[in-house]
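Novice: Pasting run.cif here (mmCIF, C-alpha atoms):
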data_coords
#
loop_
_atom_site.label_atom_id
_atom_site.label_comp_id
_atom_site.auth_asym_id
_atom_site.auth_seq_id
_atom_site.Cartn_x
_atom_site.Cartn_y
_atom_site.Cartn_z
CA MET A 1 -28.15 59.41 -69.98
CA LYS A 2 -30.32 57.29 -67.71
CA ILE A 3 -31.48 58.70 -64.38
CA VAL A 4 -33.01 56.30 -61.86
CA PHE A 5 -35.04 57.33 -58.83
CA LEU A 6 -34.87 54.39 -56.44
CA ASP A 7 -37.24 55.54 -53.70
CA ALA A 8 -39.26 58.37 -55.21
CA GLN A 9 -42.08 57.81 -52.73
CA THR A 10 -39.88 59.40 -50.05
CA VAL A 11 -40.10 62.82 -51.74
CA GLY A 12 -43.82 62.65 -52.52
CA ALA A 13 -45.98 62.26 -55.59
CA ASP A 14 -46.78 65.99 -55.55
CA VAL A 15 -43.21 67.01 -56.44
CA ASP A 16 -42.64 67.82 -60.12
CA LEU A 17 -39.84 65.73 -61.61
CA SER A 18 -40.32 66.88 -65.20
CA GLY A 19 -37.10 68.90 -65.13
CA PHE A 20 -35.11 65.67 -64.97
CA GLU A 21 -36.80 64.40 -68.12
CA ALA A 22 -35.14 67.19 -70.09
CA LEU A 23 -31.75 65.76 -69.11
CA GLY A 24 -32.22 62.15 -70.08
CA GLU A 25 -34.28 59.00 -69.68
CA VAL A 26 -35.93 58.94 -66.26
CA VAL A 27 -36.99 55.74 -64.54
CA ARG A 28 -38.90 56.12 -61.31
CA TYR A 29 -39.36 53.45 -58.64
CA GLU A 30 -41.57 54.31 -55.70
CA TYR A 31 -39.56 52.05 -53.38
CA SER A 32 -36.61 49.69 -53.79
CA ALA A 33 -35.40 47.00 -51.43
CA PRO A 34 -31.59 46.74 -51.36
CA GLY A 35 -31.75 43.42 -53.18
CA GLU A 36 -33.65 45.04 -56.05
CA VAL A 37 -31.15 47.82 -56.63
CA PRO A 38 -28.49 46.04 -58.76
CA GLU A 39 -30.98 45.05 -61.46
CA ARG A 40 -32.73 48.42 -61.45
CA ILE A 41 -29.56 50.51 -61.95
CA GLY A 42 -27.57 48.21 -64.22
CA ASP A 43 -27.30 50.80 -67.01
CA ALA A 44 -27.88 53.99 -64.98
CA GLU A 45 -25.48 56.91 -65.11
CA VAL A 46 -27.21 58.83 -62.32
CA ILE A 47 -29.13 57.45 -59.35
CA ILE A 48 -31.21 59.48 -56.93
CA VAL A 49 -31.81 57.97 -53.50
CA ASN A 50 -32.94 58.90 -50.04
CA LYS A 51 -32.32 56.04 -47.60
CA ILE A 52 -31.24 53.26 -49.97
CA PRO A 53 -27.80 51.83 -49.01
CA VAL A 54 -25.21 52.73 -51.63
CA ASN A 55 -22.28 50.34 -51.39
CA GLU A 56 -20.47 47.63 -53.33
CA GLN A 57 -23.33 45.18 -52.83
CA THR A 58 -25.96 47.50 -54.28
CA ILE A 59 -24.05 49.38 -57.01
CA GLY A 60 -21.06 47.14 -57.70
CA ALA A 61 -22.44 45.94 -61.03
CA ALA A 62 -23.51 49.40 -62.23
CA GLU A 63 -20.58 50.03 -64.56
CA LYS A 64 -21.98 53.23 -66.08
CA LEU A 65 -22.76 54.89 -62.74
CA LYS A 66 -21.12 58.31 -62.39
CA LEU A 67 -23.31 60.32 -59.99
CA VAL A 68 -25.23 59.57 -56.79
CA CYS A 69 -27.60 62.24 -55.46
CA VAL A 70 -29.02 61.87 -51.96
CA THR A 71 -32.32 63.65 -51.35
CA ALA A 72 -31.36 64.37 -47.74
CA THR A 73 -28.65 66.00 -45.66
CA GLY A 74 -27.53 62.83 -43.89
CA THR A 75 -25.27 60.48 -45.84
CA ASN A 76 -24.93 57.55 -43.44
CA ASN A 77 -26.26 55.29 -46.20
CA LEU A 78 -23.29 55.99 -48.48
CA ASP A 79 -20.07 53.97 -48.53
CA LYS A 80 -17.96 56.99 -49.38
CA ASP A 81 -14.70 55.05 -49.55
CA TYR A 82 -16.16 52.75 -52.17
CA LEU A 83 -17.58 55.66 -54.16
CA GLU A 84 -14.18 57.38 -54.11
CA GLN A 85 -12.52 54.16 -55.22
CA ARG A 86 -14.90 53.98 -58.17
CA GLY A 87 -14.57 57.69 -58.98
CA ILE A 88 -18.30 58.17 -58.51
CA ILE A 89 -19.41 61.66 -57.57
CA TRP A 90 -21.92 62.02 -54.73
CA HIS A 91 -23.95 64.95 -53.48
CA ASN A 92 -26.30 65.52 -50.60
CA VAL A 93 -28.43 68.60 -49.94
CA ALA A 94 -28.42 70.97 -46.99
CA GLY A 95 -30.35 74.02 -45.88
CA TYR A 96 -33.60 73.14 -47.60
CA SER A 97 -35.49 72.19 -44.43
CA THR A 98 -34.38 74.72 -41.82
CA GLU A 99 -37.71 76.52 -41.61
CA THR A 100 -39.91 73.44 -41.62
CA VAL A 101 -37.87 71.54 -39.01
CA ALA A 102 -37.89 74.58 -36.74
CA GLN A 103 -41.65 74.88 -37.24
CA HIS A 104 -42.19 71.20 -36.43
CA THR A 105 -40.08 71.57 -33.30
CA PHE A 106 -42.61 74.07 -31.94
CA ALA A 107 -45.55 71.98 -33.16
CA LEU A 108 -44.30 69.09 -31.02
CA LEU A 109 -43.59 71.36 -28.07
CA PHE A 110 -46.99 73.07 -28.02
CA TYR A 111 -48.86 69.80 -28.52
CA LEU A 112 -47.24 68.60 -25.30
CA MET A 113 -47.02 71.83 -23.33
CA GLU A 114 -50.59 72.96 -24.05
CA LYS A 115 -52.09 69.42 -23.66
CA LEU A 116 -53.80 69.93 -26.99
CA ARG A 117 -54.90 66.33 -27.53
CA TYR A 118 -56.61 66.30 -24.13
CA TYR A 119 -58.50 69.52 -24.75
CA ASP A 120 -59.52 68.55 -28.28
CA ASP A 121 -60.86 65.27 -26.93
CA TYR A 122 -62.64 67.10 -24.08
CA VAL A 123 -64.63 69.12 -26.58
CA LYS A 124 -65.26 66.41 -29.16
CA ASN A 125 -66.31 63.67 -26.76
CA GLY A 126 -69.12 65.88 -25.47
CA ASP A 127 -67.76 66.85 -22.06
CA TYR A 128 -67.54 70.55 -22.89
CA ALA A 129 -71.16 70.60 -24.04
CA LYS A 130 -72.15 69.30 -20.58
CA SER A 131 -70.09 71.86 -18.68
CA PRO A 132 -71.88 74.49 -16.55
CA ILE A 133 -69.05 77.00 -17.18
CA PHE A 134 -67.38 78.43 -20.27
CA THR A 135 -63.89 77.09 -19.64
CA HIS A 136 -61.99 74.04 -18.42
CA PHE A 137 -58.36 73.79 -17.36
CA SER A 138 -57.97 70.71 -15.21
CA GLU A 139 -54.87 69.89 -17.27
CA THR A 140 -52.61 72.80 -16.44
CA PHE A 141 -50.14 74.37 -18.83
CA THR A 142 -47.51 77.06 -18.54
CA GLU A 143 -46.00 79.82 -20.67
CA LEU A 144 -42.89 79.42 -22.77
CA SER A 145 -41.87 82.93 -21.80
CA GLY A 146 -39.32 82.79 -19.00
CA LYS A 147 -38.42 79.14 -19.60
CA ILE A 148 -34.87 77.94 -20.26
CA TRP A 149 -34.54 76.22 -23.61
CA GLY A 150 -31.48 74.03 -24.08
CA ILE A 151 -30.35 73.17 -27.59
CA ILE A 152 -28.04 70.31 -28.52
CA GLY A 153 -26.56 71.09 -31.92
CA LEU A 154 -26.42 74.78 -32.86
CA GLY A 155 -26.28 74.50 -36.63
CA ALA A 156 -28.66 76.31 -38.97
CA ILE A 157 -31.74 74.58 -37.56
CA GLY A 158 -30.63 74.96 -33.95
CA ARG A 159 -30.01 78.68 -34.45
CA ARG A 160 -33.43 79.13 -36.07
CA VAL A 161 -35.07 77.36 -33.13
CA ALA A 162 -33.09 79.59 -30.76
CA GLN A 163 -34.31 82.68 -32.59
CA ILE A 164 -37.96 81.64 -32.41
CA ALA A 165 -37.70 80.52 -28.78
CA GLY A 166 -36.21 83.89 -27.94
CA ALA A 167 -39.12 85.63 -29.63
CA PHE A 168 -41.43 83.76 -27.25
CA GLY A 169 -39.41 85.05 -24.32
CA ALA A 170 -37.43 81.90 -23.55
CA HIS A 171 -33.79 82.05 -22.49
CA VAL A 172 -31.71 79.89 -24.81
CA ILE A 173 -28.56 77.96 -23.91
CA TYR A 174 -26.76 75.34 -25.98
CA TYR A 175 -24.30 72.49 -25.79
CA SER A 176 -21.80 71.48 -28.46
CA ALA A 177 -21.16 67.73 -28.26
CA SER A 178 -18.06 68.07 -30.45
CA GLY A 179 -16.58 70.78 -28.26
CA ALA A 180 -16.68 73.43 -30.98
CA ALA A 181 -15.78 76.97 -30.05
CA ALA A 182 -18.57 79.15 -28.70
CA GLN A 183 -20.70 80.98 -31.26
CA ASP A 184 -21.08 84.71 -30.87
CA GLY A 185 -24.46 85.74 -29.54
CA TYR A 186 -25.30 82.36 -27.98
CA GLU A 187 -24.68 81.07 -24.45
CA GLN A 188 -22.69 77.85 -24.53
CA VAL A 189 -22.80 75.60 -21.46
CA ASN A 190 -21.52 72.15 -20.55
CA PHE A 191 -23.74 69.11 -20.89
CA ASP A 192 -24.58 68.74 -17.21
CA THR A 193 -25.59 72.39 -16.95
CA LEU A 194 -27.85 72.10 -19.97
CA LEU A 195 -29.52 68.99 -18.58
CA ALA A 196 -30.01 70.34 -15.07
CA THR A 197 -31.26 73.83 -15.91
CA SER A 198 -33.31 73.46 -19.10
CA ASP A 199 -37.10 73.33 -19.06
CA ILE A 200 -37.08 72.21 -22.70
CA ILE A 201 -34.26 70.37 -24.45
CA SER A 202 -34.30 69.99 -28.22
CA VAL A 203 -31.80 68.01 -30.30
CA HIS A 204 -30.78 69.28 -33.74
CA ALA A 205 -27.39 67.61 -33.99
CA PRO A 206 -26.01 65.17 -36.56
CA LEU A 207 -25.29 61.57 -35.63
CA ASN A 208 -21.57 61.04 -35.06
CA GLU A 209 -19.13 59.68 -32.51
CA TYR A 210 -19.90 62.59 -30.16
CA THR A 211 -23.68 62.30 -30.20
CA GLN A 212 -24.49 58.59 -30.53
CA GLY A 213 -26.22 57.47 -27.32
CA LEU A 214 -25.75 60.92 -25.80
CA MET A 215 -29.22 61.00 -24.27
CA ASP A 216 -29.18 57.93 -22.06
CA ARG A 217 -30.46 56.97 -18.62
CA LYS A 218 -27.87 59.13 -16.85
CA ALA A 219 -28.73 62.14 -18.99
CA PHE A 220 -32.49 61.86 -18.44
CA ALA A 221 -31.92 61.46 -14.70
CA LYS A 222 -30.19 64.86 -14.65
CA MET A 223 -33.12 66.64 -16.33
CA LYS A 224 -35.86 68.43 -14.45
CA SER A 225 -38.84 66.20 -13.66
CA SER A 226 -40.94 68.86 -15.42
CA GLY A 227 -38.65 68.84 -18.44
CA ILE A 228 -39.76 68.28 -22.03
CA PHE A 229 -37.37 66.52 -24.40
CA LEU A 230 -37.56 66.88 -28.19
CA ASN A 231 -35.49 64.97 -30.74
CA LEU A 232 -35.39 66.30 -34.29
CA GLY A 233 -31.80 65.27 -34.98
CA ARG A 234 -31.16 61.56 -35.46
CA GLY A 235 -32.73 58.63 -33.66
CA PRO A 236 -29.57 56.94 -32.33
CA ILE A 237 -28.66 60.07 -30.39
CA VAL A 238 -31.21 58.74 -27.90
CA VAL A 239 -31.09 55.41 -26.06
CA GLU A 240 -34.77 54.72 -26.63
CA GLU A 241 -35.18 52.09 -23.91
CA ASP A 242 -33.83 54.64 -21.44
CA LEU A 243 -36.24 57.29 -22.71
CA TYR A 244 -39.12 54.85 -22.33
CA GLU A 245 -38.13 54.21 -18.71
CA ALA A 246 -37.75 57.94 -18.03
CA LEU A 247 -41.28 58.58 -19.30
CA ARG A 248 -42.75 55.52 -17.60
CA ASP A 249 -41.24 56.41 -14.24
CA GLY A 250 -41.90 60.15 -14.41
CA VAL A 251 -38.22 61.07 -14.54
CA ILE A 252 -39.13 63.67 -17.19
CA ALA A 253 -42.54 65.10 -18.02
CA ALA A 254 -42.83 64.52 -21.75
CA ALA A 255 -41.05 63.86 -25.02
CA GLY A 256 -41.64 64.65 -28.68
CA LEU A 257 -39.83 62.66 -31.34
CA ASP A 258 -39.67 62.90 -35.11
CA VAL A 259 -36.76 60.46 -35.51
CA LEU A 260 -36.11 56.96 -34.22
CA CYS A 261 -33.23 54.50 -34.18
CA GLU A 262 -35.05 52.28 -36.67
CA GLU A 263 -37.53 53.69 -39.15
CA PRO A 264 -40.31 52.73 -39.54
CA ILE A 265 -40.89 51.97 -35.87
CA ALA A 266 -41.00 48.32 -34.80
CA ALA A 267 -44.44 47.05 -33.81
CA ASP A 268 -43.09 45.98 -30.41
CA HIS A 269 -41.14 49.17 -29.71
CA PRO A 270 -41.27 50.00 -25.98
CA LEU A 271 -42.21 53.63 -26.62
CA LEU A 272 -45.52 52.47 -28.10
CA GLN A 273 -46.48 51.46 -24.57
CA ILE A 274 -46.63 55.17 -23.67
CA THR A 275 -50.14 55.85 -24.94
CA ASP A 276 -50.74 59.04 -22.94
CA SER A 277 -50.54 61.84 -25.51
CA ARG A 278 -49.70 64.31 -22.74
CA ARG A 279 -46.43 62.41 -22.20
CA LEU A 280 -45.32 61.42 -25.69
CA ILE A 281 -45.87 62.34 -29.31
CA ILE A 282 -44.05 60.59 -32.16
CA THR A 283 -44.28 61.76 -35.75
CA PRO A 284 -42.99 59.58 -38.63
CA HIS A 285 -39.88 61.54 -39.68
CA ILE A 286 -41.88 64.34 -41.30
CA ALA A 287 -40.29 67.48 -39.83
CA TRP A 288 -38.30 68.04 -43.04
CA ALA A 289 -41.19 67.40 -45.41
CA SER A 290 -43.30 70.52 -45.89
CA VAL A 291 -44.40 71.07 -49.49
CA GLU A 292 -42.05 74.03 -49.79
CA ALA A 293 -39.07 72.13 -48.37
CA ARG A 294 -39.56 69.17 -50.70
CA LYS A 295 -39.77 71.50 -53.69
CA ARG A 296 -36.56 73.23 -52.64
CA LEU A 297 -34.93 69.86 -52.11
CA MET A 298 -35.73 68.55 -55.57
CA GLN A 299 -34.72 71.80 -57.23
CA MET A 300 -31.33 71.49 -55.54
CA VAL A 301 -30.96 67.90 -56.74
CA LEU A 302 -31.98 68.92 -60.26
CA ASP A 303 -29.33 71.64 -60.19
CA GLN A 304 -26.74 69.05 -59.16
CA VAL A 305 -27.62 66.77 -62.07
CA ARG A 306 -27.63 69.70 -64.50
CA ASP A 307 -24.20 70.74 -63.26
CA TYR A 308 -22.95 67.20 -63.80
CA VAL A 309 -24.34 67.17 -67.34
CA ASP A 310 -22.74 70.54 -68.10
CA HIS A 311 -19.29 69.60 -66.81
CA ALA A 312 -18.93 65.83 -67.10
CA ASP A 313 -16.36 64.42 -69.48
CA ARG A 314 -18.64 61.88 -71.13
#
Output the file's structure in the form of structure tokens.
Specialist:
Amino acid sequence: MKIVFLDAQTVGADVDLSGFEALGEVVRYEYSAPGEVPERIGDAEVIIVNKIPVNEQTIGAAEKLKLVCVTATGTNNLDKDYLEQRGIIWHNVAGYSTETVAQHTFALLFYLMEKLRYYDDYVKNGDYAKSPIFTHFSETFTELSGKIWGIIGLGAIGRRVAQIAGAFGAHVIYYSASGAAAQDGYEQVNFDTLLATSDIISVHAPLNEYTQGLMDRKAFAKMKSSGIFLNLGRGPIVVEEDLYEALRDGVIAAAGLDVLCEEPIAADHPLLQITDSRRLIITPHIAWASVEARKRLMQMVLDQVRDYVDHADR
């Protein structure tokens, strides 16, 4: 059996892949452009991908292909109808990154709320050494305790964020874009209420017909001018030009993003014009990628391939 990793760089060089070598021949490509895929998987039985498109154009000539494993939860890159037509099994992974995404949510929040870049710069550029007093707080910050935290998308990650926010003393509310029934123990509100009352809004929802473009100009206009917006769901949930205008014009106070509509970010992206770190922080889709999460992820994928080997009629 031949197993091909098409974009191994996306899971990191520090992740041990030796377990796959016990199952068959392993070929590892750090990165593959879509046009390179057909030649690279011509005789593969299993392919392991992250963001590579999997459709008739990329895998149509791979006659031996039986299993596609996605090293992520999202599967927007899969043409599932085509895979079903071919009888090709596909798997994604879920639950591996709950802790690390929740942790990164608070990292983004506190970077913005506590003005950490400003204060680090204040010390390191020599201003603190020149100060006649022991402290400096010209950039004010507030406590999370007593704030209203609004969550869009109350899945496993959203619930973990709610739990941690509650431990800090925040009051948590949430909105279900799909209109799902209320979850016991959590306060569900409509979208307008969440926008108007929340001091912090964090997105942990999947991208679908209910969430695409949800956070647009109208939505930002309904937020508090002191509000902080965090997106750790999917980029296209936000209309990024509208977010740029909301930050530029002071409609909201700040935003923290780990996901964008197009990744990597375009060099001329309007959000790159917001250079004030007190207003905007963008991280390059890393919230899921702690060492522990990536190890869990690859163990889950290895288990999927092992299960295929154990049960496949080959």
Novice: Residue by residue, what does the PyMOL selection byres ((chain A and resi 196) around 10) grab here? Present the result as a list in words.
Specialist: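 Applying the PyMOL selection byres ((chain A and resi 196) around 10) to the structure shown produces Gly150, Phe191, Asp192, Thr193, Leu194, Leu195, Thr197, Ser198, Asp199, Ala219, Phe220, Ala221, Lys222, Met223, Lys224, Ser225 and Gly227 of chain A.
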Novice: Go through the shown structure with the PyMOL selection byres ((chain A and resi 156) around 10) and write out the matching residues as number ranges by chain.
Specialist: A: 94-95, 97-99, 102, 153-155, 157-162, 204
Novice: For this file, the PyMOL selection byres ((chain A and resi 117) around 12) selects which residues, as a list in words?
Specialist: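 What the PyMOL selection byres ((chain A and resi 117) around 12) grabs from the file is Leu108, Phe110, Tyr111, Leu112, Met113, Glu114, Lys115, Leu116, Tyr118, Tyr119, Asp120, Asp121, Tyr122, Val123, Lys124, Asn125, Glu139, Thr275, Asp276, Ser277, Arg278, Arg279, Leu280 and Ile281 of chain A.
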Novice: Pick the closest to Val239 (chain A) from A:Ile47, A:Ile3, A:Cys261, A:Val251: which is it, counting only C-alpha atoms?
Specialist: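 Among A:Ile47, A:Ile3, A:Cys261, A:Val251, it is A:Cys261 that comes nearest to Val239 (chain A).
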Novice: With distances taken over all atoms listed in the file, which residue among A:Tyr210, A:Tyr29, A:Phe141, A:Trp149 lies nearest Ile41 (chain A)?
Specialist: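 Going through A:Tyr210, A:Tyr29, A:Phe141, A:Trp149 one by one, the smallest distance to Ile41 (chain A) is for A:Tyr29.
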Novice: Could you state the separation of CA of Pro264 (chain A) and CA of Ile59 (chain A) in Å, given to one decimal place?
Specialist: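 For CA of Pro264 (chain A) relative to CA of Ile59 (chain A), the distance reads 24.1 Å.
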Novice: Using only C-alpha atoms for the distances, tell me which of A:Asp310, A:Asp242, A:Asp79, A:Glu209 is nearest to Glu56 (chain A).
Specialist: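 So, comparing all the options, the nearest one is A:Asp79.
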Novice: Could you work out how far CA of Leu23 (chain A) lies from CA of Val37 (chain A), giving the answer in Å with one decimal?
Specialist: 21.9 Å
Novice: CA of Leu260 (chain A) and CA of Glu240 (chain A) are how many Å apart?
Specialist: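 So the answer is 8.0 Å.
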Novice: For each of A:Val101, A:Val11, A:Val4, A:Ala44, take the minimum atom-to-atom distance to Arg28 (chain A), counting all atoms listed in the file, then give the residue where this is smallest.
Specialist: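 The closest residue to Arg28 (chain A) is A:Val4.
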Novice: Of the residues A:Ala8, A:Ile148, A:Met1, A:Leu17, which is the one nearest to Lys295 (chain A), using only C-alpha atoms?
Specialist: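 Nearest to Lys295 (chain A): A:Leu17.
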Novice: Trp90 (chain A): which residues within 7 Å, counting all atoms listed in the file, same-chain residues fewer than 3 positions away excluded, as a PDB file with C-alpha atoms, keeping the file's coordinate frame?
Specialist:
ATOM      1  CA  LEU A  67     -23.310  60.320 -59.990  1.00  0.00           C
ATOM      2  CA  VAL A  68     -25.230  59.570 -56.790  1.00  0.00           C
ATOM      3  CA  CYS A  69     -27.600  62.240 -55.460  1.00  0.00           C
TER       4      CYS A  69
END
Novice: Restricting the calculation to all atoms listed in the file: of A:Ser32, A:Thr135, A:Gln9, A:Thr73, which residue gets closest to Pro53 (chain A)?
Specialist: A:Ser32
Novice: If we count all atoms listed in the file, what is near Thr58 (chain A) at a cut-off of 10 Å, once residues fewer than 3 positions away on the same chain are taken out, given as a compact mmCIF listing (two decimals) with C-alpha atoms, in the coordinates of the input?
Specialist:
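Generated file (selection-v8.txt):
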# COMPACT_ATOMS: atom_id res chain seq x y z
CA ALA A 33 -35.40 47.00 -51.43
CA PRO A 34 -31.59 46.74 -51.36
CA GLY A 35 -31.75 43.42 -53.18
CA GLU A 36 -33.65 45.04 -56.05
CA VAL A 37 -31.15 47.82 -56.63
CA PRO A 38 -28.49 46.04 -58.76
CA GLU A 39 -30.98 45.05 -61.46
CA ARG A 40 -32.73 48.42 -61.45
CA ILE A 41 -29.56 50.51 -61.95
CA ILE A 52 -31.24 53.26 -49.97
CA PRO A 53 -27.80 51.83 -49.01
CA VAL A 54 -25.21 52.73 -51.63
CA ASN A 55 -22.28 50.34 -51.39
CA ALA A 61 -22.44 45.94 -61.03
CA ALA A 62 -23.51 49.40 -62.23
Novice: Name the residues, using the chain letters and numbers of the file, that sit within 8 Å of (-42.6, 67.5, -54.0) when counting only C-alpha atoms, and give them as number ranges by chain.
Specialist: A: 11-16, 291-292, 294-295, 298
Novice: Hey, could you patch up region 50-59 of chain A with all heavy atoms and hand it over as a short mmCIF file (atom, residue, chain, number, x, y, z; two decimals), keeping the file's coordinate frame?
Specialist:
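Writing the result to rebuild17.cif gives the following:
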data_model
loop_
_atom_site.label_atom_id
_atom_site.label_comp_id
_atom_site.auth_asym_id
_atom_site.auth_seq_id
_atom_site.Cartn_x
_atom_site.Cartn_y
_atom_site.Cartn_z
N ASN A 50 -32.78 58.26 -51.33
CA ASN A 50 -32.94 58.90 -50.04
C ASN A 50 -32.27 58.04 -48.97
O ASN A 50 -31.20 58.38 -48.47
CB ASN A 50 -34.42 59.13 -49.72
CG ASN A 50 -34.63 60.04 -48.53
OD1 ASN A 50 -33.97 59.91 -47.50
ND2 ASN A 50 -35.56 60.97 -48.65
N LYS A 51 -32.86 56.90 -48.65
CA LYS A 51 -32.32 56.04 -47.60
C LYS A 51 -31.72 54.74 -48.12
O LYS A 51 -31.23 53.94 -47.32
CB LYS A 51 -33.43 55.70 -46.59
CG LYS A 51 -34.08 56.92 -45.95
CD LYS A 51 -33.09 57.80 -45.23
CE LYS A 51 -33.79 59.00 -44.59
NZ LYS A 51 -32.82 59.99 -44.06
N ILE A 52 -31.76 54.51 -49.41
CA ILE A 52 -31.24 53.26 -49.97
C ILE A 52 -29.74 53.14 -49.69
O ILE A 52 -28.99 54.08 -49.93
CB ILE A 52 -31.47 53.20 -51.49
CG1 ILE A 52 -32.96 53.30 -51.81
CG2 ILE A 52 -30.86 51.95 -52.09
CD1 ILE A 52 -33.77 52.14 -51.34
N PRO A 53 -29.24 52.00 -49.20
CA PRO A 53 -27.80 51.83 -49.01
C PRO A 53 -27.08 51.88 -50.37
O PRO A 53 -27.52 51.26 -51.35
CB PRO A 53 -27.67 50.43 -48.38
CG PRO A 53 -29.02 50.13 -47.83
CD PRO A 53 -30.01 50.84 -48.70
N VAL A 54 -26.01 52.63 -50.41
CA VAL A 54 -25.21 52.73 -51.63
C VAL A 54 -23.81 52.22 -51.29
O VAL A 54 -23.02 52.90 -50.64
CB VAL A 54 -25.15 54.18 -52.15
CG1 VAL A 54 -24.26 54.29 -53.38
CG2 VAL A 54 -26.56 54.69 -52.45
N ASN A 55 -23.54 50.99 -51.71
CA ASN A 55 -22.28 50.34 -51.39
C ASN A 55 -21.94 49.33 -52.49
O ASN A 55 -22.64 49.26 -53.51
CB ASN A 55 -22.37 49.66 -50.02
CG ASN A 55 -23.60 48.76 -49.90
OD1 ASN A 55 -23.94 48.03 -50.84
ND2 ASN A 55 -24.27 48.82 -48.76
N GLU A 56 -20.90 48.56 -52.29
CA GLU A 56 -20.47 47.63 -53.33
C GLU A 56 -21.55 46.60 -53.63
O GLU A 56 -21.72 46.20 -54.78
CB GLU A 56 -19.17 46.94 -52.91
CG GLU A 56 -18.59 46.05 -54.00
CD GLU A 56 -17.22 45.51 -53.65
OE1 GLU A 56 -16.74 45.76 -52.52
OE2 GLU A 56 -16.62 44.83 -54.51
N GLN A 57 -22.29 46.19 -52.62
CA GLN A 57 -23.33 45.18 -52.83
C GLN A 57 -24.46 45.71 -53.71
O GLN A 57 -25.02 44.97 -54.53
CB GLN A 57 -23.89 44.70 -51.49
CG GLN A 57 -22.95 43.82 -50.68
CD GLN A 57 -21.75 44.59 -50.12
OE1 GLN A 57 -21.91 45.73 -49.67
NE2 GLN A 57 -20.59 43.98 -50.17
N THR A 58 -24.81 46.97 -53.54
CA THR A 58 -25.96 47.50 -54.28
C THR A 58 -25.58 48.10 -55.63
O THR A 58 -26.37 48.04 -56.57
CB THR A 58 -26.71 48.56 -53.45
OG1 THR A 58 -25.79 49.58 -53.03
CG2 THR A 58 -27.37 47.92 -52.23
N ILE A 59 -24.40 48.69 -55.75
CA ILE A 59 -24.05 49.38 -57.01
C ILE A 59 -22.84 48.78 -57.70
O ILE A 59 -22.40 49.29 -58.73
CB ILE A 59 -23.82 50.88 -56.78
CG1 ILE A 59 -22.54 51.13 -55.97
CG2 ILE A 59 -25.03 51.53 -56.10
CD1 ILE A 59 -22.10 52.57 -55.95
#
